[in-house]
$ cat my_file-v5.pdb   # PDB, C-alpha atoms
ATOM      1  CA  MET A   1     -15.254  10.735  60.631  1.00  0.00           C
ATOM      2  CA  ARG A   2     -14.612   8.120  57.946  1.00  0.00           C
ATOM      3  CA  PRO A   3     -17.701   7.392  55.871  1.00  0.00           C
ATOM      4  CA  ASP A   4     -19.117   3.882  55.896  1.00  0.00           C
ATOM      5  CA  ASP A   5     -18.226   1.700  52.928  1.00  0.00           C
ATOM      6  CA  SER A   6     -21.891   1.683  51.972  1.00  0.00           C
ATOM      7  CA  ASP A   7     -21.682   5.429  51.296  1.00  0.00           C
ATOM      8  CA  ASP A   8     -18.937   4.965  48.687  1.00  0.00           C
ATOM      9  CA  THR A   9     -20.602   5.446  45.314  1.00  0.00           C
ATOM     10  CA  SER A  10     -17.420   4.955  43.264  1.00  0.00           C
ATOM     11  CA  SER A  11     -17.279   1.962  40.898  1.00  0.00           C
ATOM     12  CA  PRO A  12     -14.842   0.603  38.347  1.00  0.00           C
ATOM     13  CA  SER A  13     -15.035   2.124  34.889  1.00  0.00           C
ATOM     14  CA  PRO A  14     -16.871  -0.155  32.473  1.00  0.00           C
ATOM     15  CA  VAL A  15     -14.770  -1.984  29.892  1.00  0.00           C
ATOM     16  CA  ARG A  16     -15.360  -0.463  26.475  1.00  0.00           C
ATOM     17  CA  PRO A  17     -16.258  -2.963  23.766  1.00  0.00           C
ATOM     18  CA  ILE A  18     -13.831  -3.507  20.904  1.00  0.00           C
ATOM     19  CA  ARG A  19     -15.368  -1.971  17.803  1.00  0.00           C
ATOM     20  CA  ALA A  20     -12.487  -2.466  15.330  1.00  0.00           C
ATOM     21  CA  VAL A  21      -9.316  -4.525  14.929  1.00  0.00           C
ATOM     22  CA  MET A  22      -5.882  -3.589  13.583  1.00  0.00           C
ATOM     23  CA  LEU A  23      -3.719  -6.478  12.413  1.00  0.00           C
ATOM     24  CA  ASP A  24      -0.046  -6.709  11.554  1.00  0.00           C
ATOM     25  CA  PHE A  25       0.701  -8.705   8.391  1.00  0.00           C
ATOM     26  CA  HIS A  26       3.984 -10.636   8.516  1.00  0.00           C
ATOM     27  CA  GLY A  27       4.018 -12.982  11.497  1.00  0.00           C
ATOM     28  CA  THR A  28       0.358 -12.296  12.263  1.00  0.00           C
ATOM     29  CA  LEU A  29      -1.699 -13.128   9.166  1.00  0.00           C
ATOM     30  CA  ALA A  30       0.917 -14.790   6.981  1.00  0.00           C
ATOM     31  CA  GLN A  31       4.483 -16.064   7.022  1.00  0.00           C
ATOM     32  CA  LEU A  32       7.124 -16.341   4.323  1.00  0.00           C
ATOM     33  CA  GLU A  33       7.530 -19.721   2.665  1.00  0.00           C
ATOM     34  CA  PRO A  34      10.181 -22.035   4.179  1.00  0.00           C
ATOM     35  CA  LEU A  35      13.669 -20.740   3.443  1.00  0.00           C
ATOM     36  CA  THR A  36      14.660 -23.992   1.764  1.00  0.00           C
ATOM     37  CA  ARG A  37      11.938 -23.420  -0.839  1.00  0.00           C
ATOM     38  CA  SER A  38      13.062 -19.818  -1.388  1.00  0.00           C
ATOM     39  CA  VAL A  39      16.634 -21.000  -1.960  1.00  0.00           C
ATOM     40  CA  GLU A  40      15.552 -23.765  -4.353  1.00  0.00           C
ATOM     41  CA  LEU A  41      13.424 -21.382  -6.433  1.00  0.00           C
ATOM     42  CA  ALA A  42      16.165 -18.745  -6.410  1.00  0.00           C
ATOM     43  CA  ALA A  43      18.619 -21.352  -7.709  1.00  0.00           C
ATOM     44  CA  ALA A  44      16.204 -22.416 -10.447  1.00  0.00           C
ATOM     45  CA  ARG A  45      15.788 -18.818 -11.541  1.00  0.00           C
ATOM     46  CA  CYS A  46      19.558 -18.364 -11.698  1.00  0.00           C
ATOM     47  CA  GLU A  47      19.899 -21.716 -13.517  1.00  0.00           C
ATOM     48  CA  VAL A  48      22.080 -23.095 -10.742  1.00  0.00           C
ATOM     49  CA  GLU A  49      21.993 -26.799  -9.918  1.00  0.00           C
ATOM     50  CA  LEU A  50      22.641 -27.222  -6.207  1.00  0.00           C
ATOM     51  CA  PRO A  51      24.475 -30.279  -4.854  1.00  0.00           C
ATOM     52  CA  PRO A  52      22.509 -32.471  -2.435  1.00  0.00           C
ATOM     53  CA  TYR A  53      21.763 -30.726   0.865  1.00  0.00           C
ATOM     54  CA  HIS A  54      23.506 -27.545  -0.288  1.00  0.00           C
ATOM     55  CA  GLY A  55      20.192 -25.722  -0.465  1.00  0.00           C
ATOM     56  CA  THR A  56      19.556 -26.513   3.193  1.00  0.00           C
ATOM     57  CA  LEU A  57      23.003 -25.188   4.135  1.00  0.00           C
ATOM     58  CA  ILE A  58      22.359 -21.926   2.271  1.00  0.00           C
ATOM     59  CA  ALA A  59      18.897 -21.617   3.841  1.00  0.00           C
ATOM     60  CA  ASP A  60      20.374 -22.114   7.315  1.00  0.00           C
ATOM     61  CA  ALA A  61      23.034 -19.465   6.604  1.00  0.00           C
ATOM     62  CA  LEU A  62      20.395 -17.014   5.366  1.00  0.00           C
ATOM     63  CA  GLY A  63      18.221 -17.636   8.424  1.00  0.00           C
ATOM     64  CA  ALA A  64      21.194 -17.079  10.730  1.00  0.00           C
ATOM     65  CA  LEU A  65      21.517 -13.587   9.237  1.00  0.00           C
ATOM     66  CA  GLY A  66      18.033 -12.767  10.489  1.00  0.00           C
ATOM     67  CA  TRP A  67      16.117 -13.102   7.220  1.00  0.00           C
ATOM     68  CA  PRO A  68      12.369 -12.491   7.684  1.00  0.00           C
ATOM     69  CA  GLY A  69      10.656 -15.599   8.957  1.00  0.00           C
ATOM     70  CA  SER A  70      13.702 -16.830  10.855  1.00  0.00           C
ATOM     71  CA  GLY A  71      12.658 -15.204  14.126  1.00  0.00           C
ATOM     72  CA  LEU A  72      16.242 -13.961  14.616  1.00  0.00           C
ATOM     73  CA  PRO A  73      17.503 -10.358  14.761  1.00  0.00           C
ATOM     74  CA  PRO A  74      19.044  -9.146  11.473  1.00  0.00           C
ATOM     75  CA  LYS A  75      22.801  -8.705  11.149  1.00  0.00           C
ATOM     76  CA  VAL A  76      23.075  -5.263   9.586  1.00  0.00           C
ATOM     77  CA  LEU A  77      26.427  -4.113   8.208  1.00  0.00           C
ATOM     78  CA  PRO A  78      27.489  -0.501   7.573  1.00  0.00           C
ATOM     79  CA  PHE A  79      27.290  -0.734   3.770  1.00  0.00           C
ATOM     80  CA  PHE A  80      23.506  -1.073   3.853  1.00  0.00           C
ATOM     81  CA  ALA A  81      22.716   0.377   7.298  1.00  0.00           C
ATOM     82  CA  THR A  82      21.237   3.609   5.929  1.00  0.00           C
ATOM     83  CA  ALA A  83      18.902   1.714   3.618  1.00  0.00           C
ATOM     84  CA  TRP A  84      18.014  -0.639   6.463  1.00  0.00           C
ATOM     85  CA  ALA A  85      16.919   2.271   8.647  1.00  0.00           C
ATOM     86  CA  ASP A  86      14.485   3.390   5.919  1.00  0.00           C
ATOM     87  CA  ARG A  87      13.603  -0.033   4.517  1.00  0.00           C
ATOM     88  CA  ASP A  88       9.921   0.284   5.425  1.00  0.00           C
ATOM     89  CA  LEU A  89       9.560   3.816   4.070  1.00  0.00           C
ATOM     90  CA  THR A  90      10.584   3.424   0.418  1.00  0.00           C
ATOM     91  CA  GLU A  91      10.602   0.578  -2.088  1.00  0.00           C
ATOM     92  CA  ILE A  92      14.152   1.452  -3.157  1.00  0.00           C
ATOM     93  CA  ASP A  93      15.522   1.274   0.395  1.00  0.00           C
ATOM     94  CA  HIS A  94      13.598  -1.936   1.069  1.00  0.00           C
ATOM     95  CA  ARG A  95      15.197  -3.664  -1.891  1.00  0.00           C
ATOM     96  CA  GLU A  96      18.694  -2.350  -1.130  1.00  0.00           C
ATOM     97  CA  ALA A  97      18.434  -3.310   2.537  1.00  0.00           C
ATOM     98  CA  PHE A  98      17.336  -6.895   2.033  1.00  0.00           C
ATOM     99  CA  ILE A  99      19.631  -7.560  -0.908  1.00  0.00           C
ATOM    100  CA  GLY A 100      22.437  -6.258   1.308  1.00  0.00           C
ATOM    101  CA  LEU A 101      21.409  -8.645   4.076  1.00  0.00           C
ATOM    102  CA  ALA A 102      21.136 -11.641   1.725  1.00  0.00           C
ATOM    103  CA  SER A 103      24.478 -10.850   0.054  1.00  0.00           C
ATOM    104  CA  GLN A 104      26.247 -11.966   3.253  1.00  0.00           C
ATOM    105  CA  THR A 105      24.923 -15.522   2.933  1.00  0.00           C
ATOM    106  CA  SER A 106      27.690 -18.076   3.188  1.00  0.00           C
ATOM    107  CA  GLY A 107      27.908 -20.508   0.254  1.00  0.00           C
ATOM    108  CA  ALA A 108      25.461 -18.583  -1.914  1.00  0.00           C
ATOM    109  CA  PHE A 109      25.703 -18.484  -5.716  1.00  0.00           C
ATOM    110  CA  GLU A 110      25.872 -15.518  -8.101  1.00  0.00           C
ATOM    111  CA  GLY A 111      22.537 -13.708  -8.316  1.00  0.00           C
ATOM    112  CA  PHE A 112      21.289 -15.304  -5.096  1.00  0.00           C
ATOM    113  CA  ALA A 113      20.597 -12.112  -3.136  1.00  0.00           C
ATOM    114  CA  GLU A 114      18.454 -10.563  -5.859  1.00  0.00           C
ATOM    115  CA  ALA A 115      16.592 -13.802  -6.548  1.00  0.00           C
ATOM    116  CA  VAL A 116      15.787 -14.545  -2.904  1.00  0.00           C
ATOM    117  CA  TYR A 117      14.642 -10.948  -2.403  1.00  0.00           C
ATOM    118  CA  ASP A 118      12.208 -11.375  -5.276  1.00  0.00           C
ATOM    119  CA  ARG A 119      10.797 -14.436  -3.490  1.00  0.00           C
ATOM    120  CA  LEU A 120      10.180 -12.213  -0.448  1.00  0.00           C
ATOM    121  CA  CYS A 121       8.053  -9.889  -2.597  1.00  0.00           C
ATOM    122  CA  ALA A 122       6.318 -12.566  -4.675  1.00  0.00           C
ATOM    123  CA  PRO A 123       2.662 -13.279  -3.811  1.00  0.00           C
ATOM    124  CA  ASP A 124       3.324 -17.026  -4.015  1.00  0.00           C
ATOM    125  CA  GLY A 125       6.298 -16.646  -1.675  1.00  0.00           C
ATOM    126  CA  TRP A 126       3.968 -16.418   1.318  1.00  0.00           C
ATOM    127  CA  VAL A 127       1.851 -18.902   3.273  1.00  0.00           C
ATOM    128  CA  VAL A 128      -1.312 -17.980   5.147  1.00  0.00           C
ATOM    129  CA  TYR A 129      -1.650 -19.129   8.765  1.00  0.00           C
ATOM    130  CA  ALA A 130      -4.225 -21.843   9.384  1.00  0.00           C
ATOM    131  CA  ASP A 131      -6.369 -19.598  11.615  1.00  0.00           C
ATOM    132  CA  THR A 132      -6.182 -16.381   9.566  1.00  0.00           C
ATOM    133  CA  LEU A 133      -9.215 -16.871   7.332  1.00  0.00           C
ATOM    134  CA  PRO A 134     -11.477 -18.124  10.161  1.00  0.00           C
ATOM    135  CA  LEU A 135     -10.666 -15.009  12.208  1.00  0.00           C
ATOM    136  CA  LEU A 136     -11.182 -12.552   9.368  1.00  0.00           C
ATOM    137  CA  GLU A 137     -14.424 -14.227   8.316  1.00  0.00           C
ATOM    138  CA  SER A 138     -15.774 -14.151  11.875  1.00  0.00           C
ATOM    139  CA  LEU A 139     -14.902 -10.446  12.205  1.00  0.00           C
ATOM    140  CA  ARG A 140     -16.631  -9.700   8.899  1.00  0.00           C
ATOM    141  CA  ASP A 141     -19.717 -11.670   9.986  1.00  0.00           C
ATOM    142  CA  ALA A 142     -19.795  -9.737  13.280  1.00  0.00           C
ATOM    143  CA  GLY A 143     -19.537  -6.383  11.491  1.00  0.00           C
ATOM    144  CA  VAL A 144     -16.151  -5.555  13.039  1.00  0.00           C
ATOM    145  CA  PRO A 145     -13.996  -3.543  10.584  1.00  0.00           C
ATOM    146  CA  VAL A 146     -10.379  -4.550  10.045  1.00  0.00           C
ATOM    147  CA  ALA A 147      -7.260  -2.595   9.101  1.00  0.00           C
ATOM    148  CA  VAL A 148      -3.910  -4.146   8.273  1.00  0.00           C
ATOM    149  CA  VAL A 149      -1.151  -1.978   9.768  1.00  0.00           C
ATOM    150  CA  SER A 150       2.231  -3.067   8.485  1.00  0.00           C
ATOM    151  CA  ASN A 151       5.831  -1.893   8.460  1.00  0.00           C
ATOM    152  CA  ILE A 152       6.592  -2.815   4.858  1.00  0.00           C
ATOM    153  CA  GLY A 153       8.421  -1.414   1.861  1.00  0.00           C
ATOM    154  CA  PHE A 154       6.318  -2.936  -0.924  1.00  0.00           C
ATOM    155  CA  ASP A 155       2.648  -3.532  -1.714  1.00  0.00           C
ATOM    156  CA  ILE A 156       1.383  -6.601   0.157  1.00  0.00           C
ATOM    157  CA  ARG A 157      -2.179  -6.378  -1.177  1.00  0.00           C
ATOM    158  CA  PRO A 158      -1.326  -8.748  -4.068  1.00  0.00           C
ATOM    159  CA  VAL A 159      -0.001 -11.201  -1.462  1.00  0.00           C
ATOM    160  CA  ALA A 160      -3.288 -11.040   0.452  1.00  0.00           C
ATOM    161  CA  LYS A 161      -5.225 -11.522  -2.789  1.00  0.00           C
ATOM    162  CA  HIS A 162      -3.150 -14.578  -3.662  1.00  0.00           C
ATOM    163  CA  LEU A 163      -3.733 -15.981  -0.167  1.00  0.00           C
ATOM    164  CA  GLY A 164      -7.474 -15.366  -0.420  1.00  0.00           C
ATOM    165  CA  PHE A 165      -8.226 -12.739   2.204  1.00  0.00           C
ATOM    166  CA  ASP A 166      -7.820  -9.325   0.585  1.00  0.00           C
ATOM    167  CA  HIS A 167     -11.620  -8.922   0.420  1.00  0.00           C
ATOM    168  CA  LEU A 168     -11.826  -9.345   4.204  1.00  0.00           C
ATOM    169  CA  VAL A 169      -9.618  -6.313   4.947  1.00  0.00           C
ATOM    170  CA  ASP A 170     -11.318  -2.905   5.013  1.00  0.00           C
ATOM    171  CA  HIS A 171      -8.231  -0.682   5.145  1.00  0.00           C
ATOM    172  CA  TRP A 172      -4.522  -1.002   4.381  1.00  0.00           C
ATOM    173  CA  VAL A 173      -2.181   1.243   6.379  1.00  0.00           C
ATOM    174  CA  LEU A 174       1.272   0.500   4.992  1.00  0.00           C
ATOM    175  CA  SER A 175       4.316   2.353   6.302  1.00  0.00           C
ATOM    176  CA  TYR A 176       5.846   3.079   2.902  1.00  0.00           C
ATOM    177  CA  GLU A 177       2.568   4.686   1.789  1.00  0.00           C
ATOM    178  CA  VAL A 178       1.745   6.742   4.894  1.00  0.00           C
ATOM    179  CA  GLY A 179       5.312   7.708   5.884  1.00  0.00           C
ATOM    180  CA  TRP A 180       5.230   6.366   9.457  1.00  0.00           C
ATOM    181  CA  CYS A 181       6.484   3.123  10.976  1.00  0.00           C
ATOM    182  CA  LYS A 182       5.326   1.277  14.046  1.00  0.00           C
ATOM    183  CA  PRO A 183       5.745   1.974  16.955  1.00  0.00           C
ATOM    184  CA  GLU A 184       5.093   5.623  15.992  1.00  0.00           C
ATOM    185  CA  PRO A 185       1.634   6.583  17.323  1.00  0.00           C
ATOM    186  CA  ALA A 186       0.820   8.357  14.039  1.00  0.00           C
ATOM    187  CA  ILE A 187       0.459   5.124  12.070  1.00  0.00           C
ATOM    188  CA  PHE A 188      -1.976   3.674  14.607  1.00  0.00           C
ATOM    189  CA  ARG A 189      -3.861   6.971  14.736  1.00  0.00           C
ATOM    190  CA  GLU A 190      -4.210   6.910  10.949  1.00  0.00           C
ATOM    191  CA  ALA A 191      -5.675   3.414  11.142  1.00  0.00           C
ATOM    192  CA  CYS A 192      -8.177   4.461  13.813  1.00  0.00           C
ATOM    193  CA  VAL A 193      -9.242   7.433  11.679  1.00  0.00           C
ATOM    194  CA  ARG A 194      -9.859   5.166   8.711  1.00  0.00           C
ATOM    195  CA  LEU A 195     -11.710   2.679  10.910  1.00  0.00           C
ATOM    196  CA  LYS A 196     -13.763   5.571  12.395  1.00  0.00           C
ATOM    197  CA  VAL A 197     -13.176   4.489  15.993  1.00  0.00           C
ATOM    198  CA  ASP A 198     -11.503   5.940  19.068  1.00  0.00           C
ATOM    199  CA  PRO A 199      -8.177   4.248  19.926  1.00  0.00           C
ATOM    200  CA  GLU A 200      -9.694   3.016  23.197  1.00  0.00           C
ATOM    201  CA  ASP A 201     -12.218   1.020  21.157  1.00  0.00           C
ATOM    202  CA  CYS A 202      -9.618  -0.674  18.952  1.00  0.00           C
ATOM    203  CA  LEU A 203      -7.497  -3.802  19.374  1.00  0.00           C
ATOM    204  CA  MET A 204      -4.046  -4.073  17.789  1.00  0.00           C
ATOM    205  CA  VAL A 205      -2.868  -7.633  17.083  1.00  0.00           C
ATOM    206  CA  GLY A 206       0.751  -8.296  16.151  1.00  0.00           C
ATOM    207  CA  ASP A 207       3.885 -10.223  16.974  1.00  0.00           C
ATOM    208  CA  THR A 208       6.499  -7.613  17.953  1.00  0.00           C
ATOM    209  CA  LEU A 209       7.026  -4.855  20.483  1.00  0.00           C
ATOM    210  CA  ALA A 210       6.596  -2.375  17.623  1.00  0.00           C
ATOM    211  CA  ASP A 211       2.991  -3.565  17.358  1.00  0.00           C
ATOM    212  CA  ALA A 212       2.567  -3.036  21.093  1.00  0.00           C
ATOM    213  CA  GLY A 213       3.347   0.641  20.476  1.00  0.00           C
ATOM    214  CA  ALA A 214      -0.382   1.080  19.842  1.00  0.00           C
ATOM    215  CA  LYS A 215      -0.795   1.011  23.613  1.00  0.00           C
ATOM    216  CA  GLU A 216       0.696   4.526  23.779  1.00  0.00           C
ATOM    217  CA  LEU A 217      -2.328   5.751  21.855  1.00  0.00           C
ATOM    218  CA  GLY A 218      -4.770   3.978  24.160  1.00  0.00           C
ATOM    219  CA  CYS A 219      -5.413   0.887  22.039  1.00  0.00           C
ATOM    220  CA  ARG A 220      -5.528  -2.524  23.593  1.00  0.00           C
ATOM    221  CA  THR A 221      -2.850  -4.866  22.233  1.00  0.00           C
ATOM    222  CA  TYR A 222      -2.403  -8.610  21.797  1.00  0.00           C
ATOM    223  CA  LEU A 223       0.906 -10.192  20.740  1.00  0.00           C
ATOM    224  CA  LEU A 224       1.326 -13.597  19.090  1.00  0.00           C
ATOM    225  CA  PRO A 225       4.320 -15.978  19.261  1.00  0.00           C
ATOM    226  CA  HIS A 226       6.706 -16.575  16.363  1.00  0.00           C
ATOM    227  CA  THR A 227       5.097 -19.289  14.250  1.00  0.00           C
ATOM    228  CA  GLY A 228       6.105 -21.202  11.134  1.00  0.00           C
ATOM    229  CA  PRO A 229       4.303 -20.951   7.786  1.00  0.00           C
ATOM    230  CA  GLY A 230       0.876 -22.556   7.576  1.00  0.00           C
ATOM    231  CA  GLU A 231       0.655 -23.321  11.289  1.00  0.00           C
ATOM    232  CA  ILE A 232      -1.883 -22.124  13.864  1.00  0.00           C
ATOM    233  CA  VAL A 233      -0.598 -18.800  15.176  1.00  0.00           C
ATOM    234  CA  GLY A 234      -3.202 -18.228  17.911  1.00  0.00           C
ATOM    235  CA  LEU A 235      -5.720 -15.933  16.219  1.00  0.00           C
ATOM    236  CA  ASP A 236      -8.678 -17.834  17.643  1.00  0.00           C
ATOM    237  CA  ALA A 237      -7.983 -16.061  20.929  1.00  0.00           C
ATOM    238  CA  VAL A 238      -8.603 -12.757  19.142  1.00  0.00           C
ATOM    239  CA  ARG A 239     -11.946 -14.022  17.915  1.00  0.00           C
ATOM    240  CA  ARG A 240     -12.924 -14.925  21.483  1.00  0.00           C
ATOM    241  CA  ILE A 241     -11.899 -11.489  22.715  1.00  0.00           C
ATOM    242  CA  VAL A 242     -13.751  -9.516  20.063  1.00  0.00           C
ATOM    243  CA  VAL A 243     -16.710 -11.499  18.764  1.00  0.00           C
TER     244      VAL A 243
END
$ encode --input "my_file-v5.pdb" --output "structure tokens"
Amino acid sequence: MRPDDSDDTSSPSPVRPIRAVMLDFHGTLAQLEPLTRSVELAAARCEVELPPYHGTLIADALGALGWPGSGLPPKVLPFFATAWADRDLTEIDHREAFIGLASQTSGAFEGFAEAVYDRLCAPDGWVVYADTLPLLESLRDAGVPVAVVSNIGFDIRPVAKHLGFDHLVDHWVLSYEVGWCKPEPAIFREACVRLKVDPEDCLMVGDTLADAGAKELGCRTYLLPHTGPGEIVGLDAVRRIVV
């Protein structure tokens, strides 16, 4: 005999509150400066005077190669493919990989690749999103700890300090320091250990499928759209979810 529905004592599992937040860096908290500015500053460093509109043409060519911030996939050639595979694990490979990518830029001048790479690593070469500080401040006020989890081959803490939010980040889990890259579960696990929370109680916020790899560990994930420097990227939704 089938029991009456009233005898069914099962109920949905309660939703666990989010007790900590992991955040990607590039494309989530900050974006690289406009490529035209990077090209102009690279030219000034190399003491090259660009003809009118030539800087825009070079910037467009660099973006078409998939330079960070363009939102396009990178065009990797065999001569720097090995470095590209390890670009987020060592500073040497990071530099070789991105200089290799930039060296393909059509119409570029001598010294361009090295100079534009240095803009990528410069603290003043980045722009904070309009909703980054409000989110981080609200999380700090609510007592929710934050870890930045980034696939990166150089130290981005000086960038965060320049942009004014380094003091609002509790932990930095950078791939070239810990030896793992997203979407490997180990890098998310390391962040959860530092945050002192179970993965099920943590939210990972990013902008790529690599960031969504945290789901394999049991973390909840939230992905943002590609957004230009200084714009609103959509972090207010994270505040509404967590706080």
$ residues_around --input "my_file-v5.pdb" --residues "Leu77 of chain A" --least-positions-apart "3" --cutoff "9 Å" --atoms "only C-alpha atoms" --output "list in words"
Phe80, Ala81, Gly100 and Leu101 of chain A
$ write_last_selection --input "my_file-v5.pdb" --atoms "C-alpha atoms" --output "tab-separated table (two decimals), in the coordinates of the input"
chain	number	residue	atom	x	y	z
A	80	PHE	CA	23.51	-1.07	3.85
A	81	ALA	CA	22.72	0.38	7.30
A	100	GLY	CA	22.44	-6.26	1.31
A	101	LEU	CA	21.41	-8.64	4.08
$ closest_residue --input "my_file-v5.pdb" --among "A:Thr36, A:Ser70, A:Thr28, A:Thr221" --to "His54 of chain A" --atoms "only C-alpha atoms"
A:Thr36
$ closest_residue --input "my_file-v5.pdb" --among "A:Val144, A:Ile152, A:Ala64, A:Ala44" --to "Leu203 of chain A" --atoms "all atoms listed in the file"
A:Val144
$ closest_residue --input "my_file-v5.pdb" --among "A:Arg119, A:His26, A:Lys196, A:Arg16" --to "Ser38 of chain A" --atoms "all atoms listed in the file"
A:Arg119
$ atom_distance --input "my_file-v5.pdb" --atom1 "atom CA of Asp198 of chain A" --atom2 "atom CA of Glu216 of chain A"
13.2 Å
$ closest_atom_pairs --input "my_file-v5.pdb" --of "segment 62-134 of chain A" --to "segment 176-182 of chain A" --cutoff "8 Å" --atoms "only C-alpha atoms" --output "CSV"
residue,atom,partner,partner_atom,distance
A:Asp88,CA,A:Tyr176,CA,5.5
A:Leu89,CA,A:Tyr176,CA,4.0
A:Thr90,CA,A:Tyr176,CA,5.4
A:Glu91,CA,A:Tyr176,CA,7.3
$ closest_residue --input "my_file-v5.pdb" --among "A:Ile156, A:Ala97, A:Leu57, A:Leu139" --to "Ile241 of chain A" --atoms "only C-alpha atoms"
A:Leu139
$ closest_residue --input "my_file-v5.pdb" --among "A:Tyr117, A:Pro34, A:Lys215, A:Ala102" --to "Pro74 of chain A" --atoms "all atoms listed in the file"
A:Ala102
$ resolve_selection --input "my_file-v5.pdb" --expression "the PyMOL selection byres ((chain A and resi 22) around 10)" --output "ChimeraX atom specification"
/A:20-21,23-25,145-150,169,171-173,188,191-192,195,202-206,211,214,219,221
$ atom_distance --input "my_file-v5.pdb" --atom1 "atom CA of Asp60 of chain A" --atom2 "atom CA of Gln104 of chain A"
12.4 Å
$ resolve_selection --input "my_file-v5.pdb" --expression "the PyMOL selection byres ((chain A and resi 96) around 8)" --output "ChimeraX atom specification"
/A:80,83-84,87,92-95,97-100
$ build_atoms --input "my_file-v5.pdb" --residues "segment 81-95 of chain A" --atoms "N, CA, C and O atoms" --output "CSV table (one decimal), in the coordinates of the input"
chain,number,residue,atom,x,y,z
A,81,ALA,N,23.4,-0.1,6.1
A,81,ALA,CA,22.7,0.4,7.3
A,81,ALA,C,21.8,1.5,7.1
A,81,ALA,O,20.7,1.6,7.7
A,82,THR,N,22.1,2.5,6.2
A,82,THR,CA,21.2,3.6,5.9
A,82,THR,C,20.0,3.1,5.3
A,82,THR,O,18.8,3.6,5.6
A,83,ALA,N,20.1,2.3,4.3
A,83,ALA,CA,18.9,1.7,3.6
A,83,ALA,C,18.1,0.9,4.6
A,83,ALA,O,16.8,0.9,4.6
A,84,TRP,N,18.7,0.2,5.5
A,84,TRP,CA,18.0,-0.6,6.5
A,84,TRP,C,17.1,0.2,7.4
A,84,TRP,O,16.0,-0.1,7.7
A,85,ALA,N,17.7,1.4,7.8
A,85,ALA,CA,16.9,2.3,8.6
A,85,ALA,C,15.6,2.8,8.0
A,85,ALA,O,14.6,3.0,8.7
A,86,ASP,N,15.6,2.9,6.7
A,86,ASP,CA,14.5,3.4,5.9
A,86,ASP,C,13.8,2.3,5.1
A,86,ASP,O,13.0,2.6,4.2
A,87,ARG,N,14.1,1.1,5.4
A,87,ARG,CA,13.6,0.0,4.5
A,87,ARG,C,12.1,-0.1,4.4
A,87,ARG,O,11.5,-0.6,3.4
A,88,ASP,N,11.4,0.4,5.4
A,88,ASP,CA,9.9,0.3,5.4
A,88,ASP,C,9.3,1.6,5.0
A,88,ASP,O,8.1,1.8,5.2
A,89,LEU,N,10.1,2.5,4.5
A,89,LEU,CA,9.6,3.8,4.1
A,89,LEU,C,9.6,4.0,2.6
A,89,LEU,O,8.9,4.9,2.0
A,90,THR,N,10.5,3.3,1.9
A,90,THR,CA,10.6,3.4,0.4
A,90,THR,C,10.9,2.0,-0.2
A,90,THR,O,11.5,1.2,0.4
A,91,GLU,N,10.4,1.8,-1.4
A,91,GLU,CA,10.6,0.6,-2.1
A,91,GLU,C,12.1,0.4,-2.4
A,91,GLU,O,12.6,-0.7,-2.4
A,92,ILE,N,12.7,1.5,-2.8
A,92,ILE,CA,14.2,1.5,-3.2
A,92,ILE,C,15.0,1.0,-2.0
A,92,ILE,O,15.9,0.1,-2.1
A,93,ASP,N,14.8,1.6,-0.8
A,93,ASP,CA,15.5,1.3,0.4
A,93,ASP,C,15.2,-0.2,0.8
A,93,ASP,O,16.1,-0.9,1.3
A,94,HIS,N,14.0,-0.6,0.7
A,94,HIS,CA,13.6,-1.9,1.1
A,94,HIS,C,14.4,-3.0,0.3
A,94,HIS,O,15.0,-3.9,0.8
A,95,ARG,N,14.5,-2.7,-1.0
A,95,ARG,CA,15.2,-3.7,-1.9
A,95,ARG,C,16.7,-3.6,-1.6
A,95,ARG,O,17.3,-4.7,-1.4
